[in-house]
>>> print(open('run20.cif').read())   # mmCIF, C-alpha atoms
data_my_file
loop_
_atom_site.label_atom_id
_atom_site.label_comp_id
_atom_site.auth_asym_id
_atom_site.auth_seq_id
_atom_site.Cartn_x
_atom_site.Cartn_y
_atom_site.Cartn_z
CA MET A 1 -15.95 13.64 -49.03
CA SER A 2 -15.85 10.20 -47.47
CA GLU A 3 -19.22 10.80 -45.79
CA GLY A 4 -22.63 10.80 -47.40
CA LEU A 5 -24.04 14.35 -47.60
CA VAL A 6 -27.72 15.24 -47.96
CA GLY A 7 -29.23 18.73 -48.06
CA ILE A 8 -32.96 19.31 -47.45
CA ASP A 9 -35.21 22.38 -47.44
CA ALA A 10 -37.58 23.54 -44.70
CA ASP A 11 -40.18 21.03 -45.86
CA GLY A 12 -37.81 18.08 -45.70
CA ILE A 13 -37.37 17.78 -49.47
CA VAL A 14 -33.98 16.64 -50.76
CA ASN A 15 -32.23 19.31 -52.80
CA GLU A 16 -28.60 18.15 -52.58
CA VAL A 17 -26.84 14.78 -52.43
CA ASN A 18 -23.25 13.74 -53.11
CA ARG A 19 -21.90 10.68 -54.88
CA VAL A 20 -21.33 8.82 -51.58
CA VAL A 21 -25.09 8.87 -50.94
CA GLU A 22 -25.74 7.51 -54.42
CA ARG A 23 -23.39 4.62 -53.65
CA LEU A 24 -24.79 3.97 -50.18
CA VAL A 25 -28.46 3.83 -51.17
CA GLY A 26 -27.96 2.56 -54.70
CA ILE A 27 -30.13 5.28 -56.30
CA PRO A 28 -28.89 7.91 -58.79
CA ALA A 29 -28.86 11.53 -57.56
CA LYS A 30 -31.34 12.69 -60.22
CA GLU A 31 -33.92 10.28 -58.78
CA LEU A 32 -33.30 11.40 -55.18
CA LEU A 33 -33.58 15.14 -55.78
CA GLY A 34 -37.06 16.46 -55.04
CA THR A 35 -38.08 13.46 -52.95
CA PRO A 36 -38.87 13.54 -49.20
CA ILE A 37 -35.88 12.84 -46.93
CA ALA A 38 -37.69 9.73 -45.73
CA ALA A 39 -36.66 8.11 -49.01
CA ILE A 40 -33.09 8.14 -47.70
CA VAL A 41 -33.29 8.57 -43.91
CA PRO A 42 -36.45 7.08 -42.39
CA ASN A 43 -35.90 8.67 -38.96
CA ARG A 44 -38.41 11.52 -39.19
CA VAL A 45 -38.22 12.29 -35.46
CA MET A 46 -34.65 13.52 -35.82
CA VAL A 47 -35.33 15.48 -39.01
CA ASP A 48 -38.61 17.03 -37.79
CA ASP A 49 -36.96 18.11 -34.51
CA THR A 50 -34.12 19.79 -36.40
CA LEU A 51 -36.44 21.61 -38.81
CA ALA A 52 -38.97 22.67 -36.15
CA ASN A 53 -36.64 23.50 -33.23
CA GLY A 54 -33.19 23.98 -34.75
CA SER A 55 -31.87 21.00 -32.73
CA GLU A 56 -28.60 19.28 -33.56
CA TRP A 57 -28.38 15.49 -33.67
CA PHE A 58 -25.07 13.62 -33.66
CA GLY A 59 -24.20 9.96 -33.98
CA GLU A 60 -27.79 8.77 -34.38
CA PRO A 61 -27.85 5.09 -35.50
CA VAL A 62 -30.08 4.74 -38.57
CA THR A 63 -30.67 1.78 -40.88
CA ILE A 64 -30.46 2.84 -44.54
CA ALA A 65 -30.91 0.38 -47.39
CA GLY A 66 -30.44 -2.50 -44.97
CA SER A 67 -27.18 -1.21 -43.45
CA LEU A 68 -26.55 0.66 -40.21
CA TYR A 69 -25.10 4.18 -40.39
CA SER A 70 -24.21 6.94 -37.95
CA VAL A 71 -26.18 10.07 -38.95
CA ASN A 72 -25.69 13.70 -37.96
CA CYS A 73 -28.41 16.27 -38.63
CA VAL A 74 -27.80 20.01 -38.16
CA PRO A 75 -29.99 22.97 -39.15
CA VAL A 76 -29.24 25.60 -41.80
CA THR A 77 -30.25 28.93 -40.30
CA VAL A 78 -30.33 32.44 -41.74
CA ALA A 79 -31.20 35.41 -39.51
CA GLY A 80 -32.56 33.04 -36.91
CA ASP A 81 -34.85 31.16 -39.31
CA THR A 82 -34.33 27.48 -40.08
CA LEU A 83 -34.32 27.16 -43.87
CA GLY A 84 -33.36 23.52 -44.04
CA ALA A 85 -30.85 21.00 -42.73
CA VAL A 86 -27.74 19.07 -43.66
CA LEU A 87 -27.38 15.36 -42.89
CA THR A 88 -24.11 13.44 -42.94
CA LEU A 89 -23.95 9.64 -43.14
CA GLN A 90 -21.01 7.64 -41.81
CA GLU A 91 -20.41 3.94 -42.22
CA PRO A 92 -19.69 1.96 -39.02
CA ARG A 93 -16.09 1.29 -40.10
CA GLN A 94 -15.47 5.05 -40.29
CA VAL A 95 -16.83 5.54 -36.77
CA GLN A 96 -14.76 2.62 -35.45
CA SER A 97 -11.63 3.97 -37.08
CA MET A 98 -12.24 7.39 -35.53
CA GLU A 99 -12.83 5.83 -32.09
CA GLN A 100 -9.57 3.89 -32.32
CA LYS A 101 -7.67 7.07 -33.13
CA MET A 102 -9.39 8.92 -30.29
CA ARG A 103 -8.51 6.15 -27.86
CA LYS A 104 -4.85 6.50 -28.82
CA VAL A 105 -5.08 10.22 -28.10
CA TYR A 106 -6.69 9.60 -24.70
CA ARG A 107 -4.01 7.08 -23.83
CA SER A 108 -1.31 9.60 -24.76
CA GLU A 109 -3.05 12.15 -22.52
CA GLY A 110 -2.69 9.90 -19.49
CA HIS A 111 -5.89 7.85 -19.59
CA THR A 112 -3.96 4.61 -19.37
CA ALA A 113 -3.06 1.96 -16.82
CA ARG A 114 0.69 1.58 -16.37
CA ARG A 115 0.69 -1.12 -13.71
CA THR A 116 -0.11 -4.82 -13.95
CA LEU A 117 -1.00 -7.50 -11.42
CA ASP A 118 2.65 -8.56 -11.49
CA ASP A 119 3.43 -5.19 -9.88
CA VAL A 120 1.35 -6.15 -6.83
CA ILE A 121 4.02 -7.14 -4.29
CA GLY A 122 3.21 -9.90 -1.84
CA GLU A 123 3.74 -13.62 -1.41
CA SER A 124 1.75 -14.11 1.80
CA PRO A 125 -1.21 -16.52 1.53
CA VAL A 126 -3.72 -13.68 1.75
CA MET A 127 -2.06 -11.72 -1.07
CA ARG A 128 -1.73 -14.81 -3.24
CA SER A 129 -5.47 -15.25 -2.85
CA VAL A 130 -6.15 -11.59 -3.73
CA LYS A 131 -4.06 -11.74 -6.91
CA GLU A 132 -5.67 -15.00 -7.98
CA GLN A 133 -9.14 -13.52 -7.45
CA ALA A 134 -8.15 -10.42 -9.40
CA ARG A 135 -6.99 -12.48 -12.38
CA ILE A 136 -10.29 -14.37 -12.40
CA PHE A 137 -12.35 -11.18 -12.12
CA SER A 138 -10.38 -9.49 -14.91
CA GLN A 139 -11.73 -11.93 -17.50
CA VAL A 140 -15.33 -10.76 -17.19
CA ASP A 141 -17.01 -7.37 -17.55
CA SER A 142 -18.97 -7.48 -14.28
CA THR A 143 -18.69 -4.48 -11.97
CA ILE A 144 -16.08 -4.84 -9.23
CA LEU A 145 -16.06 -3.22 -5.79
CA ILE A 146 -12.66 -3.05 -4.09
CA TYR A 147 -12.61 -2.68 -0.31
CA GLY A 148 -9.44 -1.59 1.43
CA GLU A 149 -8.08 0.81 4.01
CA THR A 150 -6.27 3.93 2.87
CA GLY A 151 -2.88 3.18 1.37
CA THR A 152 -3.50 -0.51 0.60
CA GLY A 153 -3.11 -0.08 -3.18
CA LYS A 154 -6.67 -0.05 -4.50
CA GLU A 155 -5.82 1.85 -7.69
CA LEU A 156 -2.84 -0.43 -8.32
CA ILE A 157 -5.20 -3.41 -8.24
CA ALA A 158 -7.68 -1.58 -10.50
CA GLN A 159 -4.96 -0.90 -13.08
CA GLY A 160 -3.86 -4.51 -12.88
CA LEU A 161 -7.44 -5.69 -13.45
CA HIS A 162 -7.70 -3.50 -16.53
CA ASN A 163 -4.40 -4.63 -18.04
CA ALA A 164 -5.26 -8.29 -17.46
CA SER A 165 -8.60 -7.89 -19.26
CA THR A 166 -9.58 -7.86 -22.91
CA ARG A 167 -9.94 -4.06 -22.59
CA ALA A 168 -6.22 -3.53 -21.92
CA ALA A 169 -5.62 -1.67 -25.20
CA ASN A 170 -8.43 0.79 -24.44
CA PRO A 171 -8.62 3.75 -22.02
CA PHE A 172 -8.31 3.44 -18.26
CA VAL A 173 -9.87 6.49 -16.64
CA ALA A 174 -9.53 7.10 -12.89
CA ILE A 175 -11.27 9.73 -10.80
CA ASN A 176 -11.41 10.35 -7.06
CA CYS A 177 -15.04 10.97 -6.13
CA ALA A 178 -13.99 12.74 -2.93
CA ALA A 179 -11.63 15.18 -4.65
CA LEU A 180 -14.25 17.30 -6.45
CA PRO A 181 -17.45 19.03 -5.28
CA GLU A 182 -20.73 17.59 -6.52
CA SER A 183 -21.26 20.18 -9.26
CA LEU A 184 -17.82 19.66 -10.79
CA LEU A 185 -17.90 15.89 -10.37
CA GLU A 186 -21.14 15.66 -12.33
CA SER A 187 -19.76 17.60 -15.30
CA GLU A 188 -16.49 15.64 -15.16
CA LEU A 189 -18.25 12.29 -15.19
CA PHE A 190 -21.05 12.97 -17.67
CA GLY A 191 -19.87 16.00 -19.67
CA TYR A 192 -22.11 18.79 -20.95
CA VAL A 193 -23.36 20.40 -24.14
CA ARG A 194 -22.79 23.91 -25.37
CA GLY A 195 -24.47 26.51 -23.18
CA ALA A 196 -25.42 24.00 -20.47
CA PHE A 197 -24.43 26.46 -17.73
CA THR A 198 -22.55 29.69 -17.18
CA GLY A 199 -18.87 29.18 -17.91
CA ALA A 200 -19.40 26.07 -20.01
CA ARG A 201 -17.11 25.60 -23.00
CA SER A 202 -18.54 26.90 -26.23
CA ASN A 203 -18.31 23.47 -27.84
CA GLY A 204 -19.31 21.46 -24.76
CA LYS A 205 -17.20 18.82 -23.09
CA MET A 206 -16.96 15.05 -23.22
CA GLY A 207 -17.34 13.37 -19.82
CA LEU A 208 -15.06 10.71 -18.39
CA PHE A 209 -17.61 7.98 -19.07
CA GLU A 210 -17.47 8.81 -22.77
CA ILE A 211 -13.68 9.01 -22.69
CA ALA A 212 -13.59 5.57 -21.05
CA ASN A 213 -15.83 4.07 -23.74
CA SER A 214 -14.69 0.52 -24.58
CA GLY A 215 -12.31 0.64 -21.59
CA THR A 216 -12.46 0.85 -17.79
CA ILE A 217 -13.47 3.67 -15.46
CA PHE A 218 -12.15 3.56 -11.88
CA LEU A 219 -14.28 5.39 -9.31
CA ASP A 220 -12.16 5.79 -6.18
CA GLU A 221 -13.76 6.76 -2.86
CA ILE A 222 -17.20 5.85 -4.22
CA GLY A 223 -18.63 6.14 -0.70
CA GLU A 224 -18.11 9.91 -0.88
CA MET A 225 -20.39 10.36 -3.89
CA ALA A 226 -23.49 12.51 -3.27
CA LEU A 227 -26.91 10.82 -3.47
CA PRO A 228 -28.09 12.70 -6.61
CA LEU A 229 -24.99 11.55 -8.49
CA GLN A 230 -25.51 8.02 -7.23
CA SER A 231 -28.84 8.01 -9.06
CA ARG A 232 -27.17 9.03 -12.32
CA LEU A 233 -24.43 6.44 -11.86
CA LEU A 234 -27.08 3.77 -11.31
CA ARG A 235 -28.65 4.67 -14.66
CA VAL A 236 -25.30 4.29 -16.41
CA LEU A 237 -24.83 0.84 -14.90
CA GLU A 238 -28.36 -0.26 -15.77
CA GLU A 239 -28.88 1.32 -19.19
CA LYS A 240 -25.27 1.49 -20.44
CA GLU A 241 -25.82 5.08 -21.57
CA ILE A 242 -25.01 8.56 -20.30
CA TRP A 243 -26.83 11.86 -20.47
CA ARG A 244 -24.70 14.97 -20.84
CA ILE A 245 -25.72 17.97 -18.74
CA GLY A 246 -28.10 20.10 -20.78
CA ASP A 247 -28.55 17.48 -23.50
CA ASP A 248 -31.88 16.09 -24.67
CA LYS A 249 -30.60 12.70 -25.77
CA THR A 250 -28.47 9.88 -24.43
CA THR A 251 -25.17 8.45 -25.62
CA PRO A 252 -24.52 4.70 -25.36
CA VAL A 253 -21.28 3.65 -23.65
CA ASP A 254 -19.48 0.34 -23.30
CA ILE A 255 -17.43 0.46 -20.11
CA ARG A 256 -16.18 -1.69 -17.27
CA VAL A 257 -16.77 -0.04 -13.88
CA VAL A 258 -14.37 -0.66 -10.99
CA ALA A 259 -15.20 1.17 -7.76
CA ALA A 260 -13.21 1.39 -4.54
CA THR A 261 -13.84 2.55 -0.99
CA ASN A 262 -12.40 2.43 2.51
CA ARG A 263 -15.89 2.76 3.99
CA ASP A 264 -18.45 0.10 4.92
CA LEU A 265 -21.06 0.70 2.22
CA ALA A 266 -23.51 -1.70 3.82
CA GLN A 267 -23.56 0.49 6.94
CA GLN A 268 -23.92 3.59 4.80
CA VAL A 269 -26.96 1.99 3.16
CA GLN A 270 -28.51 1.43 6.59
CA ARG A 271 -27.90 5.07 7.52
CA GLY A 272 -29.42 6.29 4.26
CA GLU A 273 -26.10 7.68 3.00
CA PHE A 274 -25.78 5.31 0.05
CA ARG A 275 -28.40 3.96 -2.34
CA GLU A 276 -29.20 0.32 -1.72
CA ASP A 277 -29.86 -0.42 -5.39
CA LEU A 278 -26.54 1.12 -6.39
CA TYR A 279 -24.76 -0.88 -3.70
CA TYR A 280 -26.05 -4.11 -5.19
CA ARG A 281 -25.10 -2.98 -8.70
CA LEU A 282 -21.54 -2.18 -7.62
CA SER A 283 -20.93 -5.25 -5.49
CA VAL A 284 -21.40 -7.89 -8.17
CA LEU A 285 -17.79 -8.91 -7.55
CA ILE A 286 -16.02 -7.91 -4.33
CA LEU A 287 -12.27 -7.79 -3.77
CA ASN A 288 -11.00 -7.22 -0.22
CA LEU A 289 -7.46 -5.85 0.12
CA PRO A 290 -5.89 -6.75 3.47
CA PRO A 291 -4.22 -4.04 5.57
CA LEU A 292 -0.47 -4.27 6.06
CA ARG A 293 -0.87 -5.45 9.66
CA GLN A 294 -2.53 -8.62 8.34
CA ARG A 295 0.24 -9.42 5.85
CA LYS A 296 3.44 -8.75 7.77
CA ASP A 297 5.06 -11.70 6.02
CA ASP A 298 5.30 -9.38 3.03
CA LEU A 299 7.06 -6.56 4.93
CA ARG A 300 10.61 -7.52 3.95
CA LEU A 301 9.69 -7.95 0.27
CA LEU A 302 7.70 -4.71 0.21
CA ALA A 303 10.29 -2.68 2.10
CA ASN A 304 13.22 -3.81 -0.03
CA ARG A 305 11.33 -3.12 -3.27
CA ILE A 306 10.34 0.34 -2.03
CA LEU A 307 13.89 1.05 -0.84
CA ALA A 308 15.29 0.15 -4.25
CA GLN A 309 12.82 2.51 -5.96
CA LYS A 310 13.40 5.38 -3.52
CA SER A 311 17.18 4.99 -3.61
CA ALA A 312 17.20 5.10 -7.40
CA ALA A 313 14.87 8.12 -7.48
CA LEU A 314 17.04 10.01 -4.97
CA GLY A 315 20.35 9.03 -6.57
CA ARG A 316 21.50 7.02 -3.55
CA PRO A 317 23.17 3.58 -3.50
CA ALA A 318 20.72 0.69 -3.43
CA ALA A 319 19.87 -0.39 0.11
CA THR A 320 18.22 -3.42 1.70
CA LEU A 321 16.99 -3.96 5.24
CA ASP A 322 18.71 -6.29 7.70
CA ASP A 323 16.83 -8.65 10.03
CA ALA A 324 16.89 -6.12 12.85
CA SER A 325 15.25 -3.44 10.74
CA VAL A 326 12.56 -5.80 9.44
CA ALA A 327 11.83 -6.94 12.99
CA LEU A 328 11.40 -3.30 13.99
CA LEU A 329 8.91 -2.70 11.18
CA GLU A 330 6.95 -5.77 12.25
CA THR A 331 6.27 -4.27 15.67
CA LEU A 332 3.97 -1.64 14.13
CA ASP A 333 0.39 -1.80 12.85
CA TRP A 334 0.90 0.72 10.00
CA PRO A 335 -2.45 2.52 9.99
CA GLY A 336 -1.47 4.21 6.72
CA ASN A 337 -0.46 0.85 5.22
CA ILE A 338 1.86 0.71 2.19
CA ARG A 339 1.69 4.46 1.57
CA GLN A 340 2.86 5.10 5.12
CA LEU A 341 5.62 2.49 4.84
CA SER A 342 6.79 4.11 1.62
CA ASN A 343 6.97 7.54 3.27
CA VAL A 344 8.98 6.23 6.21
CA LEU A 345 11.45 4.41 3.97
CA GLU A 346 11.91 7.46 1.75
CA ARG A 347 12.65 9.49 4.88
CA ALA A 348 15.19 6.84 5.94
CA VAL A 349 16.95 6.99 2.56
CA VAL A 350 17.20 10.78 2.83
CA MET A 351 18.49 10.61 6.42
CA SER A 352 21.11 7.94 5.71
CA ARG A 353 24.61 9.37 5.71
CA ASN A 354 26.41 6.82 3.54
CA GLY A 355 23.49 5.49 1.52
CA GLY A 356 22.96 2.53 3.86
CA VAL A 357 19.70 2.11 5.80
CA ASP A 358 20.22 0.12 9.00
CA HIS A 359 18.14 -0.14 12.17
CA ARG A 360 19.62 3.08 13.60
CA VAL A 361 18.63 5.17 10.57
CA LEU A 362 15.25 3.48 10.43
CA ALA A 363 14.70 4.21 14.13
CA GLU A 364 15.40 7.88 13.54
CA ALA A 365 13.06 7.92 10.54
CA LEU A 366 10.32 6.36 12.65
CA GLY A 367 11.04 8.67 15.55
CA SER A 368 9.96 11.70 13.53
CA CYS A 369 6.46 10.19 13.09
CA SER A 370 3.99 11.53 15.61
CA TRP A 371 1.74 8.53 15.05
CA PHE A 372 4.56 6.26 16.14
CA SER A 373 5.59 8.02 19.34
CA ALA A 374 1.94 8.40 20.34
CA GLU A 375 1.18 4.68 20.24
CA LYS A 376 0.99 3.27 23.76
CA GLY A 377 2.55 -0.05 24.57
CA ARG A 378 4.58 -0.13 21.35
CA LEU A 379 8.29 -0.71 21.21
CA PRO A 380 10.23 2.51 20.65
CA PRO A 381 12.10 3.12 17.40
CA THR A 382 15.10 1.01 18.39
CA LEU A 383 16.26 -2.47 17.67
CA PRO A 384 13.88 -5.20 18.94
CA THR A 385 15.28 -7.37 21.73
CA GLU A 386 14.91 -10.53 19.63
CA ALA A 387 17.41 -9.33 17.01
CA PRO A 388 20.63 -11.37 16.68
CA ALA A 389 23.53 -9.87 18.57
CA ALA A 390 25.78 -10.05 15.52
CA SER A 391 23.63 -7.55 13.67
CA VAL A 392 23.08 -5.09 16.45
CA GLY A 393 26.45 -4.09 17.73
CA ASN A 394 26.94 -2.63 21.21
CA GLU A 395 23.59 -2.09 22.97
CA LEU A 396 24.91 1.21 24.29
CA GLU A 397 25.05 2.38 20.70
CA GLN A 398 21.61 1.04 19.79
CA ALA A 399 19.65 3.73 21.52
CA THR A 400 20.38 7.23 20.27
CA SER A 401 20.20 10.15 22.65
CA SER A 402 16.99 11.51 21.08
CA THR A 403 15.34 8.07 21.34
CA ILE A 404 16.31 7.58 24.97
CA ARG A 405 15.09 11.02 26.03
CA ARG A 406 11.82 10.61 24.13
CA VAL A 407 11.07 7.18 25.61
CA LEU A 408 11.99 8.38 29.08
CA ALA A 409 9.59 11.31 28.68
CA ASP A 410 6.83 8.97 27.44
CA CYS A 411 7.32 6.85 30.57
CA GLY A 412 7.08 9.89 32.85
CA GLY A 413 10.71 9.60 33.91
CA ASN A 414 10.30 6.00 35.10
CA LYS A 415 13.68 4.49 34.20
CA LYS A 416 12.57 0.89 34.79
CA ARG A 417 9.71 1.15 32.31
CA ALA A 418 11.86 3.11 29.85
CA ALA A 419 14.59 0.44 29.95
CA LYS A 420 12.01 -2.26 29.31
CA ARG A 421 10.59 -0.41 26.30
CA LEU A 422 14.10 0.26 24.99
CA GLY A 423 15.01 -3.41 25.30
CA ILE A 424 18.07 -2.74 27.46
CA SER A 425 18.86 -3.35 31.08
CA HIS A 426 18.15 -0.81 33.80
CA THR A 427 21.89 -0.60 34.55
CA THR A 428 22.70 0.07 30.90
CA LEU A 429 20.11 2.82 30.75
CA TRP A 430 21.49 4.42 33.92
CA ARG A 431 25.04 4.32 32.56
CA ARG A 432 23.91 5.69 29.16
CA LEU A 433 22.08 8.59 30.82
CA LYS A 434 25.23 9.47 32.75
CA GLU A 435 27.17 9.53 29.48
CA LEU A 436 24.57 11.73 27.83
CA ASP A 437 24.64 14.17 30.73
CA ALA A 438 28.40 14.35 30.45
CA GLU A 439 28.33 15.04 26.70
CA PRO A 440 28.63 18.63 25.45
CA PRO A 441 25.30 19.93 24.12
CA SER A 442 26.57 20.05 20.51
CA ALA A 443 27.70 16.43 20.65
CA ALA A 444 24.43 15.25 22.18
CA SER A 445 22.43 17.07 19.56
CA ASN A 446 24.39 15.45 16.75
CA ARG A 447 24.04 11.88 17.89
#
>>> encode(input="run20.cif", output="structure tokens")
Amino acid sequence: MSEGLVGIDADGIVNEVNRVVERLVGIPAKELLGTPIAAIVPNRVMVDDTLANGSEWFGEPVTIAGSLYSVNCVPVTVAGDTLGAVLTLQEPRQVQSMEQKMRKVYRSEGHTARRTLDDVIGESPVMRSVKEQARIFSQVDSTILIYGETGTGKELIAQGLHNASTRAANPFVAINCAALPESLLESELFGYVRGAFTGARSNGKMGLFEIANSGTIFLDEIGEMALPLQSRLLRVLEEKEIWRIGDDKTTPVDIRVVAATNRDLAQQVQRGEFREDLYYRLSVLILNLPPLRQRKDDLRLLANRILAQKSAALGRPAATLDDASVALLETLDWPGNIRQLSNVLERAVVMSRNGGVDHRVLAEALGSCSWFSAEKGRLPPTLPTEAPAASVGNELEQATSSTIRRVLADCGGNKKRAAKRLGISHTTLWRRLKELDAEPPSAASNR
């Protein structure tokens, strides 16, 4: 064996040792046999607990002959009686080698960050500032709190922070605190030992904090975490150790914590919904992601990148947006931010007939969004009036039949207001309505 092996009886007297132990402690086996275990392992608390209570100890750091070792101690039981114990001694290099192999396994199982800060799209001044802050923050291990509305790319930033840090080769573990009930979230985060509760795995389970050891854990929607779990998270941040459910000892962890929320945690603290001490622990470094409405200079760059990705995924020809289409997108506030923009553009790619996405296709894609048609005072999903004439074509063709009828209905039948919202003249609207009324139903429905 590569590990040191020591066998003791019920009184703690050594009755077995292997050659590794002889080498580690520098004492021949014949001199160790018959001596108290304290001659090899001075940690009597661990040994006494195992012999008296049948407890199992794993990974206990113990100094032996001037060197640090990881020691396991498990009981030897016969018919329910503890007749002795077996101790295994591992050198630090063995433990480190095992951890490195485990980290590779966790990375292969998906606990990895695939995106970098270079994947964060945006050249507006506010986004340049965000990316610069992120690069600075990535070089230290302080806890980071990311604020941002839904769909602004908080996990993308978290992955970029991890990959720009010295922990990039180690696990990146992400969990949504709002996706699991409190009971499941606790076991997922901290793990549990054998028999901790009904339905627990027979060999226990490692929690995400342990899996993320030496890497980064990303806690999304941290504002949704229940107060009892907040207390346990605070202990992890303060003591750098976790306590598995049902365990009687702690496990040290070395992790970088990145949390994210779309809530105002300071207000939650005032309402008693979030622990004040945890809030201060999390907000050592704060990164604010701007909503899309505050970075519309990035719309063209974002939209064209998303279009290229969606077109490739759907097997369609690559498409880019013209000035008219970008101007249309800029009229909206995008409450769902980049995620919402991505959904609309994917819908436009699917709806396009020849693979091209122009303002007409984009208008139809926007028209199917209830959030868009419900917004008062917004331009309808047609070409903005400021668009160059060369890119728009005949204004009679700009407004599709479905768009005209929807806007007219929104304006309560008032043609003057409808024409203004459509960006066409009252006369043009009147003439277009006459044409629509003269069209066969099948033709009108296919426009």
>>> atom_distance(input="run20.cif", atom1="atom CA of Ile286 of chain A", atom2="atom CA of Leu156 of chain A")
15.7 Å
>>> residues_around(input="run20.cif", residues="segment 262-267 of chain A", least_positions_apart="3", cutoff="9 Å", atoms="only C-alpha atoms", output="list in words")
Ile146, Tyr147, Gly148, Glu149, Thr150, Glu221, Ile222, Gly223, Glu224, Gln270, Arg271, Gly272, Glu273, Phe274, Glu276 and Tyr279 of chain A
>>> write_last_selection(input="run20.cif", atoms="C-alpha atoms", output="PDB file, in the frame of the given file")
ATOM      1  CA  ILE A 146     -12.660  -3.050  -4.090  1.00  0.00           C
ATOM      2  CA  TYR A 147     -12.610  -2.680  -0.310  1.00  0.00           C
ATOM      3  CA  GLY A 148      -9.440  -1.590   1.430  1.00  0.00           C
ATOM      4  CA  GLU A 149      -8.080   0.810   4.010  1.00  0.00           C
ATOM      5  CA  THR A 150      -6.270   3.930   2.870  1.00  0.00           C
ATOM      6  CA  GLU A 221     -13.760   6.760  -2.860  1.00  0.00           C
ATOM      7  CA  ILE A 222     -17.200   5.850  -4.220  1.00  0.00           C
ATOM      8  CA  GLY A 223     -18.630   6.140  -0.700  1.00  0.00           C
ATOM      9  CA  GLU A 224     -18.110   9.910  -0.880  1.00  0.00           C
ATOM     10  CA  GLN A 270     -28.510   1.430   6.590  1.00  0.00           C
ATOM     11  CA  ARG A 271     -27.900   5.070   7.520  1.00  0.00           C
ATOM     12  CA  GLY A 272     -29.420   6.290   4.260  1.00  0.00           C
ATOM     13  CA  GLU A 273     -26.100   7.680   3.000  1.00  0.00           C
ATOM     14  CA  PHE A 274     -25.780   5.310   0.050  1.00  0.00           C
ATOM     15  CA  GLU A 276     -29.200   0.320  -1.720  1.00  0.00           C
ATOM     16  CA  TYR A 279     -24.760  -0.880  -3.700  1.00  0.00           C
TER      17      TYR A 279
END
>>> resolve_selection(input="run20.cif", expression="the PyMOL selection byres ((chain A and resi 42-56) around 9)", output="JSON, numbers by chain")
{"A": [9, 10, 11, 12, 37, 38, 39, 40, 41, 57, 58, 60, 62, 63, 64, 72, 73, 74, 75, 76, 77, 81, 82, 83, 84, 85, 87]}
>>> closest_residue(input="run20.cif", among="A:Leu332, A:Ala312, A:Ile255, A:Val20", to="Asp141 of chain A", atoms="all atoms listed in the file")
A:Ile255
>>> closest_residue(input="run20.cif", among="A:Ser352, A:Ala134, A:Glu3, A:Glu182", to="Leu285 of chain A", atoms="all atoms listed in the file")
A:Ala134
>>> residues_around(input="run20.cif", residues="Leu282 of chain A", least_positions_apart="5", cutoff="12 Å", atoms="all atoms listed in the file", output="JSON list (two decimals) with C-alpha atoms, in the frame of the given file")
[["chain", "number", "residue", "atom", "x", "y", "z"],
["A", 142, "SER", "CA", -18.97, -7.48, -14.28],
["A", 143, "THR", "CA", -18.69, -4.48, -11.97],
["A", 144, "ILE", "CA", -16.08, -4.84, -9.23],
["A", 145, "LEU", "CA", -16.06, -3.22, -5.79],
["A", 146, "ILE", "CA", -12.66, -3.05, -4.09],
["A", 147, "TYR", "CA", -12.61, -2.68, -0.31],
["A", 218, "PHE", "CA", -12.15, 3.56, -11.88],
["A", 219, "LEU", "CA", -14.28, 5.39, -9.31],
["A", 222, "ILE", "CA", -17.20, 5.85, -4.22],
["A", 223, "GLY", "CA", -18.63, 6.14, -0.70],
["A", 230, "GLN", "CA", -25.51, 8.02, -7.23],
["A", 233, "LEU", "CA", -24.43, 6.44, -11.86],
["A", 234, "LEU", "CA", -27.08, 3.77, -11.31],
["A", 236, "VAL", "CA", -25.30, 4.29, -16.41],
["A", 237, "LEU", "CA", -24.83, 0.84, -14.90],
["A", 238, "GLU", "CA", -28.36, -0.26, -15.77],
["A", 256, "ARG", "CA", -16.18, -1.69, -17.27],
["A", 257, "VAL", "CA", -16.77, -0.04, -13.88],
["A", 258, "VAL", "CA", -14.37, -0.66, -10.99],
["A", 259, "ALA", "CA", -15.20, 1.17, -7.76],
["A", 260, "ALA", "CA", -13.21, 1.39, -4.54],
["A", 261, "THR", "CA", -13.84, 2.55, -0.99],
["A", 265, "LEU", "CA", -21.06, 0.70, 2.22],
["A", 266, "ALA", "CA", -23.51, -1.70, 3.82],
["A", 274, "PHE", "CA", -25.78, 5.31, 0.05],
["A", 275, "ARG", "CA", -28.40, 3.96, -2.34],
["A", 276, "GLU", "CA", -29.20, 0.32, -1.72],
["A", 277, "ASP", "CA", -29.86, -0.42, -5.39],
["A", 287, "LEU", "CA", -12.27, -7.79, -3.77]]
>>> resolve_selection(input="run20.cif", expression="the PyMOL selection byres ((chain A and resi 185) around 10)", output="MDAnalysis selection string")
chainID A and resid 175:184 186:191 207:208 225:226 229
>>> resolve_selection(input="run20.cif", expression="the PyMOL selection byres ((chain A and resi 326) around 12)", output="ChimeraX atom specification")
/A:296-304,320-325,327-332,341,345,357-359,362-363,381-384,386-387,391
>>> closest_residue(input="run20.cif", among="A:Arg316, A:Arg432, A:His111, A:Lys415", to="Ala174 of chain A", atoms="only C-alpha atoms")
A:His111
>>> atom_distance(input="run20.cif", atom1="atom CA of Gln294 of chain A", atom2="atom CA of Arg128 of chain A")
13.2 Å
